[in-house]
Structure formats: C-alpha cells, structure tokens
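Raw contents of structure23.tsv, TSV, C-alpha atoms:
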```tsv
chain	number	residue	atom	x	y	z
A	26	MET	CA	83.85	120.26	130.05
A	27	ILE	CA	83.19	119.40	126.40
A	28	ASP	CA	83.03	115.85	125.03
A	29	THR	CA	84.10	116.39	121.42
A	30	HIS	CA	82.85	113.15	119.87
A	31	ILE	CA	79.84	111.03	120.83
A	32	HIS	CA	76.99	109.22	119.06
A	33	ALA	CA	73.92	110.42	120.93
A	34	ASP	CA	71.47	108.45	118.80
A	35	ALA	CA	72.85	105.22	120.31
A	36	ARG	CA	72.49	106.31	123.94
A	37	SER	CA	69.80	106.83	126.57
A	38	GLY	CA	68.63	109.96	128.29
A	39	GLU	CA	70.15	108.64	131.51
A	40	ASP	CA	73.59	108.86	129.90
A	41	PHE	CA	73.00	112.51	129.02
A	42	LYS	CA	71.90	113.23	132.56
A	43	GLU	CA	75.01	111.58	133.99
A	44	MET	CA	77.23	113.55	131.65
A	45	TYR	CA	75.61	116.84	132.56
A	46	LEU	CA	75.76	116.17	136.30
A	47	SER	CA	79.43	115.22	135.98
A	48	GLY	CA	80.28	118.64	134.56
A	49	ILE	CA	79.96	118.13	130.79
A	50	ASP	CA	78.05	121.13	129.47
A	51	THR	CA	78.40	120.43	125.74
A	52	ALA	CA	79.01	117.42	123.52
A	53	VAL	CA	79.51	117.06	119.77
A	54	THR	CA	77.41	114.22	118.36
A	55	CYS	CA	78.58	112.67	115.08
A	56	ALA	CA	76.94	110.68	112.32
A	57	PHE	CA	77.35	106.92	112.14
A	58	TYR	CA	74.71	104.44	111.00
A	59	PRO	CA	75.68	101.12	112.62
A	60	TYR	CA	74.61	98.93	109.68
A	61	LYS	CA	75.82	98.74	106.11
A	62	ILE	CA	73.11	100.23	103.91
A	63	ASP	CA	72.84	101.27	100.27
A	64	ASN	CA	69.80	103.53	100.62
A	65	ASP	CA	70.46	107.27	100.64
A	66	THR	CA	66.99	108.11	101.95
A	67	VAL	CA	67.36	105.85	104.97
A	68	LEU	CA	70.73	107.43	105.76
A	69	LEU	CA	69.31	110.93	105.35
A	70	ASN	CA	66.46	110.08	107.73
A	71	HIS	CA	69.05	108.92	110.25
A	72	LEU	CA	70.95	112.18	109.97
A	73	MET	CA	67.75	114.21	110.33
A	74	ARG	CA	66.90	112.23	113.47
A	75	ILE	CA	70.25	113.23	115.01
A	76	LEU	CA	69.72	116.89	114.13
A	77	ASN	CA	66.08	117.24	115.14
A	78	TYR	CA	65.43	114.60	117.79
A	79	ASP	CA	68.58	113.67	119.68
A	80	THR	CA	69.46	117.30	120.32
A	81	LYS	CA	66.10	117.74	122.06
A	82	ARG	CA	66.51	114.53	124.06
A	83	ALA	CA	69.88	115.68	125.39
A	84	TYR	CA	68.65	119.19	126.18
A	85	GLU	CA	65.89	117.73	128.35
A	86	HIS	CA	68.66	116.50	130.66
A	87	GLY	CA	70.71	119.71	130.54
A	88	LEU	CA	73.27	118.63	127.92
A	89	GLU	CA	73.79	120.90	124.92
A	90	LEU	CA	74.43	118.87	121.79
A	91	LYS	CA	76.31	120.35	118.87
A	92	VAL	CA	75.92	118.34	115.67
A	93	ALA	CA	78.34	116.99	113.08
A	94	LEU	CA	76.77	115.28	110.07
A	95	GLY	CA	78.21	113.46	107.09
A	96	ILE	CA	78.77	110.02	105.60
A	97	HIS	CA	80.82	107.73	107.84
A	98	PRO	CA	83.14	105.37	105.93
A	99	THR	CA	81.05	102.41	107.12
A	100	ASN	CA	78.09	103.93	105.27
A	101	THR	CA	79.78	104.53	101.91
A	102	SER	CA	77.71	101.96	100.04
A	103	VAL	CA	75.32	104.82	99.27
A	104	ASP	CA	75.55	107.14	96.28
A	105	GLY	CA	75.68	110.16	98.57
A	106	GLU	CA	74.41	112.96	96.32
A	107	ILE	CA	71.30	113.61	98.42
A	108	ILE	CA	73.47	113.88	101.53
A	109	PHE	CA	75.93	116.24	99.85
A	110	GLU	CA	73.07	118.57	98.85
A	111	GLU	CA	71.81	118.58	102.43
A	112	LEU	CA	75.29	119.30	103.79
A	113	TYR	CA	75.34	122.61	101.93
A	114	GLN	CA	71.96	123.49	103.43
A	115	TRP	CA	72.93	122.50	106.97
A	116	ILE	CA	76.12	124.50	106.73
A	117	GLU	CA	74.32	127.56	105.35
A	118	ASN	CA	71.73	127.35	108.14
A	119	LYS	CA	74.49	126.82	110.76
A	120	ASP	CA	72.78	123.60	111.85
A	121	ILE	CA	76.09	121.76	112.13
A	122	VAL	CA	79.51	122.60	113.57
A	123	ALA	CA	81.38	120.08	111.41
A	124	ILE	CA	81.09	117.47	108.69
A	125	GLY	CA	81.62	114.19	110.45
A	126	GLU	CA	82.56	111.80	111.17
A	127	ILE	CA	84.12	111.01	107.83
A	128	GLY	CA	87.23	109.12	106.77
A	129	LEU	CA	88.41	105.73	105.59
A	130	GLU	CA	87.95	102.22	106.97
A	131	ASP	CA	88.41	99.43	104.41
A	132	LEU	CA	90.02	101.57	101.68
A	133	THR	CA	87.33	100.83	99.09
A	134	GLU	CA	86.93	102.92	95.96
A	135	ASN	CA	83.65	104.38	97.18
A	136	GLU	CA	85.17	105.30	100.54
A	137	TYR	CA	87.82	107.34	98.77
A	138	ARG	CA	85.25	109.03	96.52
A	139	ILE	CA	82.90	110.02	99.32
A	140	PHE	CA	85.68	111.06	101.67
A	141	LYS	CA	87.27	113.36	99.10
A	142	ARG	CA	83.92	114.87	98.12
A	143	GLN	CA	83.13	115.76	101.72
A	144	LEU	CA	86.58	117.28	102.22
A	145	ASP	CA	86.00	119.42	99.14
A	146	ILE	CA	82.65	120.61	100.49
A	147	ALA	CA	84.29	121.47	103.80
A	148	GLU	CA	87.06	123.45	102.13
A	149	GLU	CA	84.61	125.25	99.87
A	150	THR	CA	82.35	126.24	102.77
A	151	LYS	CA	85.12	126.74	105.36
A	152	THR	CA	83.61	124.05	107.58
A	153	ASN	CA	85.39	121.84	110.11
A	154	VAL	CA	85.69	118.09	109.59
A	155	ILE	CA	85.95	115.28	112.14
A	156	ILE	CA	88.01	112.48	110.63
A	157	HIS	CA	87.63	108.87	111.72
A	158	THR	CA	90.59	106.52	111.97
A	159	PRO	CA	89.72	102.84	112.40
A	160	ARG	CA	90.56	100.38	115.16
A	161	LYS	CA	92.06	97.93	112.65
A	162	ASN	CA	94.91	98.90	110.32
A	163	LYS	CA	94.96	102.35	111.93
A	164	SER	CA	98.50	103.16	110.84
A	165	GLU	CA	97.98	102.08	107.22
A	166	VAL	CA	94.68	103.95	106.91
A	167	LEU	CA	96.10	107.05	108.59
A	168	ASP	CA	98.90	107.10	105.99
A	169	GLU	CA	96.27	107.18	103.26
A	170	ILE	CA	94.35	109.97	105.01
A	171	LEU	CA	97.49	112.04	105.45
A	172	GLU	CA	98.25	111.71	101.74
A	173	ILE	CA	94.75	112.84	100.74
A	174	LEU	CA	94.20	115.76	103.11
A	175	PRO	CA	96.68	118.30	101.67
A	176	GLU	CA	95.09	117.94	98.23
A	177	HIS	CA	91.60	118.80	99.48
A	178	ILE	CA	91.46	120.86	102.68
A	179	SER	CA	93.35	123.34	104.84
A	180	PRO	CA	94.68	121.91	108.13
A	181	GLU	CA	92.87	124.53	110.22
A	182	TYR	CA	89.54	122.81	109.54
A	183	VAL	CA	90.65	119.27	110.42
A	184	VAL	CA	90.58	117.16	113.56
A	185	ILE	CA	91.98	113.65	113.09
A	186	ASP	CA	90.30	111.55	115.74
A	187	HIS	CA	91.02	108.35	117.68
A	188	ILE	CA	94.78	109.00	117.72
A	189	ASN	CA	96.69	106.67	120.04
A	190	GLN	CA	100.26	106.02	121.15
A	191	ASN	CA	100.96	103.84	118.12
A	192	VAL	CA	100.34	106.58	115.55
A	193	VAL	CA	100.76	109.89	117.37
A	194	ASP	CA	104.29	110.31	115.98
A	195	LYS	CA	102.84	110.40	112.44
A	196	VAL	CA	100.73	113.48	113.16
A	197	ILE	CA	102.21	115.39	116.08
A	198	SER	CA	104.32	117.62	113.83
A	199	THR	CA	101.43	118.43	111.47
A	200	ASP	CA	99.06	121.40	111.75
A	201	TYR	CA	96.01	119.20	112.32
A	202	THR	CA	94.08	119.10	115.58
A	203	LEU	CA	94.16	115.63	117.13
A	204	GLY	CA	91.44	113.73	118.99
A	205	LEU	CA	92.07	111.44	121.96
A	206	THR	CA	89.32	108.88	122.53
A	207	VAL	CA	89.06	107.37	126.00
A	208	GLN	CA	86.85	104.34	125.42
A	209	PRO	CA	86.93	100.70	126.55
A	210	GLN	CA	88.74	98.49	124.02
A	211	LYS	CA	90.30	101.60	122.44
A	212	MET	CA	92.33	103.67	124.94
A	213	ASP	CA	92.25	104.15	128.71
A	214	LYS	CA	92.74	107.43	130.54
A	215	GLU	CA	96.30	106.49	131.52
A	216	GLU	CA	97.37	106.22	127.87
A	217	ALA	CA	95.65	109.50	127.04
A	218	ILE	CA	97.41	111.21	129.93
A	219	GLY	CA	100.70	109.67	128.82
A	220	ILE	CA	100.29	111.23	125.37
A	221	LEU	CA	99.44	114.62	126.88
A	222	ASP	CA	102.39	114.39	129.24
A	223	GLU	CA	104.79	113.65	126.37
A	224	TYR	CA	103.44	115.95	123.67
A	225	GLY	CA	101.69	118.74	125.57
A	226	PHE	CA	98.08	119.86	125.70
A	227	ASP	CA	97.87	122.35	122.84
A	228	LYS	CA	96.99	120.11	119.87
A	229	PHE	CA	94.46	117.73	121.43
A	230	LEU	CA	90.73	117.35	121.95
A	231	LEU	CA	89.26	114.81	124.38
A	232	ASN	CA	86.25	112.58	123.82
A	233	SER	CA	84.47	109.39	124.86
A	234	ASP	CA	83.16	108.27	121.43
A	235	MET	CA	80.23	106.91	123.40
A	236	SER	CA	78.22	104.81	120.97
A	237	ASN	CA	76.69	101.37	120.46
A	238	LYS	CA	80.13	99.91	121.25
A	239	PRO	CA	81.30	99.45	124.88
A	240	SER	CA	81.55	103.00	126.17
A	241	ASP	CA	81.93	105.13	129.28
A	242	PRO	CA	79.82	108.33	129.14
A	243	LEU	CA	82.01	109.75	131.91
A	244	SER	CA	85.45	109.05	130.42
A	245	VAL	CA	86.08	112.75	129.76
A	246	PRO	CA	85.44	113.93	133.35
A	247	LYS	CA	87.30	110.91	134.72
A	248	THR	CA	90.35	111.83	132.64
A	249	VAL	CA	90.11	115.50	133.57
A	250	ARG	CA	89.78	114.67	137.28
A	251	GLU	CA	92.75	112.31	137.08
A	252	LEU	CA	94.85	115.06	135.55
A	253	LYS	CA	93.88	117.29	138.47
A	254	ARG	CA	94.68	114.57	140.99
A	255	LEU	CA	98.10	114.07	139.43
A	256	GLY	CA	98.90	117.74	139.85
A	257	TYR	CA	98.89	119.07	136.29
A	258	GLU	CA	98.48	122.83	135.97
A	259	LYS	CA	94.92	124.10	135.74
A	260	LYS	CA	95.64	126.15	132.60
A	261	GLU	CA	96.84	122.97	130.85
A	262	ILE	CA	93.89	120.89	132.08
A	263	ASP	CA	91.46	123.58	130.90
A	264	LYS	CA	92.86	123.28	127.38
A	265	ILE	CA	91.95	119.60	127.09
A	266	ALA	CA	88.76	119.95	129.13
A	267	PHE	CA	87.18	122.67	127.01
A	268	LYS	CA	89.37	125.50	125.69
A	269	ASN	CA	90.85	123.66	122.70
A	270	ALA	CA	87.38	122.51	121.69
A	271	GLN	CA	85.94	126.00	122.01
A	272	LYS	CA	88.73	127.34	119.82
A	273	PHE	CA	88.48	124.66	117.14
A	274	PHE	CA	84.68	124.55	116.86
A	275	LYS	CA	84.28	128.28	117.54
A	276	PHE	CA	81.67	127.73	120.24
```

Just give me the structure of the file as structure tokens.
Amino acid sequence: MIDTHIHADARSGEDFKEMYLSGIDTAVTCAFYPYKIDNDTVLLNHLMRILNYDTKRAYEHGLELKVALGIHPTNTSVDGEIIFEELYQWIENKDIVAIGEIGLEDLTENEYRIFKRQLDIAEETKTNVIIHTPRKNKSEVLDEILEILPEHISPEYVVIDHINQNVVDKVISTDYTLGLTVQPQKMDKEEAIGILDEYGFDKFLLNSDMSNKPSDPLSVPKTVRELKRLGYEKKEIDKIAFKNAQKFFKF
C-alpha cells in the first residue's frame, strides 16, 4: 500500500513502524510548517529537515518516504524566492517526486502569487504537484483553483487533494487526479468508499494526511481492508491501494 499524503515531520517513529507493519511500504510526505512565518530561511530549514532527516527516521522503521516540497498556502507570508531556487535544484537532483503541498487557503494576494509561481515551475520542469484544498470554504476555494490551473499547468501533473462528497462533482469530469483523505474531522472511510463506489477507482489516490492535527496513521490500510471485506474486486482495490499512486508519481 502507498499513503499518498502525510506530514512525517509531525509524527513519531512509532507511527512509521505501525504503518510499515500494517502493509504500507511507501508514503509521500508533504511540506507544511504549522505556524505562520515570514522568514524564508526558517522555512527552507524546515524543508531541508523533511528531505534529509525525516526520510531517514522513517527508513529506520521500514517505511520508504518519498518527498514533496513547496510552499503551503499557510506559509505564504514569505517572499519565496529562495525556496523557488531550491525547487529547481531538488527537481534536477530528483530529490522530490512533487511540488507540494501547494494551493490556496484564505485567498490572499500572496497566496495567489506563490501558488501560480509554483505551478509555473512544475509545468516548466514537468513535475507533479499536490494541491491542497482547505477544510473551510472548500467549494469556493476549489472554484478559484480550477480557474487558475488551466492557465499554468497540464492536468497530467496535478492531483487535487482532500476531495470530499460535497465537491467531487466539480472535478470528477476533469482530467486531474483526485485525492481522498481519510482523517478524523475530515472524512471517514465510509464516505471515501461511497465516493469510490459511485465514481469508480480510476481517478483517485488514497491518503491519511497524518499530521499535527487529529490523525490515524492506519486509515489507508483500514480503508483498503474494508473494501476487501465488502467484496470489491481485487483489481479495483489495488488501484486505490497502490497502482494509481505508482502511475501518477512514476514510482
């Protein structure tokens, strides 16, 4: 199994061990600094910690961490130029599998600027992006994201994450890959399974978004096992468990 969106820097080694023992071989850890800061160097140090330290911590417990780095919308008080320069280097060195997570939250001017710049870098370098949609005003913010994306990036590079039943109709007919987040206070496995049952398994990735917020490190295997218990076909379960992620991220 592959958990396609976590925040490893916020979690303990015991969580990584549990994930590995439950059948998760690989996880994608994304950038998110949990405080509002205006210092580019502090943010860069945080991103370097994810790349160079958290990957080693996870590996010690058997879990392979792939890395997505970028400027989360919560962290868009920074100027960002130092981070943008580093993104080119990380992409060239194949240190990261995506720019992420990026997106919009409060629809500030700086959020728009930094979001668009990162999309342009992704398009230029043919790099995947993991796009955040917020808990609050999800539909309104998603509308803004959907207006911006065609002007800056090809759909093949994009996963729009944290999609739920309230907004899935907005994106199901697009060419974007869609992320389902099974996390307390966000979406339970029954809702995720309901979306898969209605719309099929081909367009979706599955993740826990395990972070500093209430989280379940095992939400991916719990959802996969529930699909098996309910009698869904193995070839369909395999898509959401790992095959779609392998295809999108080119693992």

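Comparing the minimum interatomic distances between Asp28 in chain A and each of A:Leu205, A:Leu231, A:Leu72, A:Ile185, counting only C-alpha atoms, we find that A:Leu231 sits nearest.
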
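Nearest residue to Asp263 in chain A, choosing from A:Arg250, A:His177, A:His187, A:Lys91 and counting all atoms listed in the file: A:Arg250.
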
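Rounded to one decimal, CA of Asp34 in chain A and CA of Tyr201 in chain A lie 27.6 Å from each other.
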
Closest atom pairs, residues of range 129-180 of chain A within 8 Å of range 97-108 of chain A, all atoms listed in the file, as a tab-separated table:
```
residue	atom	partner	partner_atom	distance
A:Leu129	CA	A:Pro98	CA	5.3
A:Glu130	CA	A:Pro98	CA	5.8
A:Asn135	CA	A:Thr101	CA	6.1
A:Glu136	CA	A:Thr101	CA	5.6
A:Ile139	CA	A:Thr101	CA	6.8
A:Phe140	CA	A:Pro98	CA	7.5
A:His157	CA	A:His97	CA	7.9
```

Same residues, C-alpha atoms, output as a tab-separated table (two decimals), keeping the file's coordinate frame:
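Written out: result.tsv:
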```tsv
chain	number	residue	atom	x	y	z
A	129	LEU	CA	88.41	105.73	105.59
A	130	GLU	CA	87.95	102.22	106.97
A	135	ASN	CA	83.65	104.38	97.18
A	136	GLU	CA	85.17	105.30	100.54
A	139	ILE	CA	82.90	110.02	99.32
A	140	PHE	CA	85.68	111.06	101.67
A	157	HIS	CA	87.63	108.87	111.72
```

Could you state the separation of CA of Ser37 in chain A and CA of His71 in chain A in Å, given to one decimal place? 16.5 Å

Which residue out of A:Leu174, A:Ile127, A:Ile146, A:Ala266 has the minimum interatomic distance to Thr158 in chain A when all atoms listed in the file are used? A:Ile127

Name the residues within 12 Å of (95.6, 114.9, 114.7), counting all atoms listed in the file in the file's coordinates, and put them as a ChimeraX atom specification. /A:154-158,167,170-171,174,180-190,192-206,224,227-231

Need to verify the contact set: Gly87 in chain A, 8 Å, only C-alpha atoms, exclusion of same-chain residues closer than 5 positions in sequence. Can you return it as a list in words? Phe41, Lys42, Tyr45 and Asp50 of chain A

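Near Glu85 in chain A, within a cut-off of 12 Å and counting all atoms listed in the file, sit the residues Ser37, Gly38, Glu39, Asp40, Phe41, Lys42, Tyr45, Tyr78, Asp79, Thr80, Lys81, Arg82, Ala83, Gly87, Leu88, Glu89 and Leu90 of chain A, with same-chain residues fewer than 2 positions away left out.
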
Pick out the closest residue to Glu176 in chain A from this set: A:Ala33, A:Leu221, A:Lys141, A:Glu110. Count all atoms listed in the file. A:Lys141

Among listed residues A:Glu223, A:Glu148, A:Glu126, A:Glu43, nearest Leu243 in chain A (using all atoms listed in the file): A:Glu43
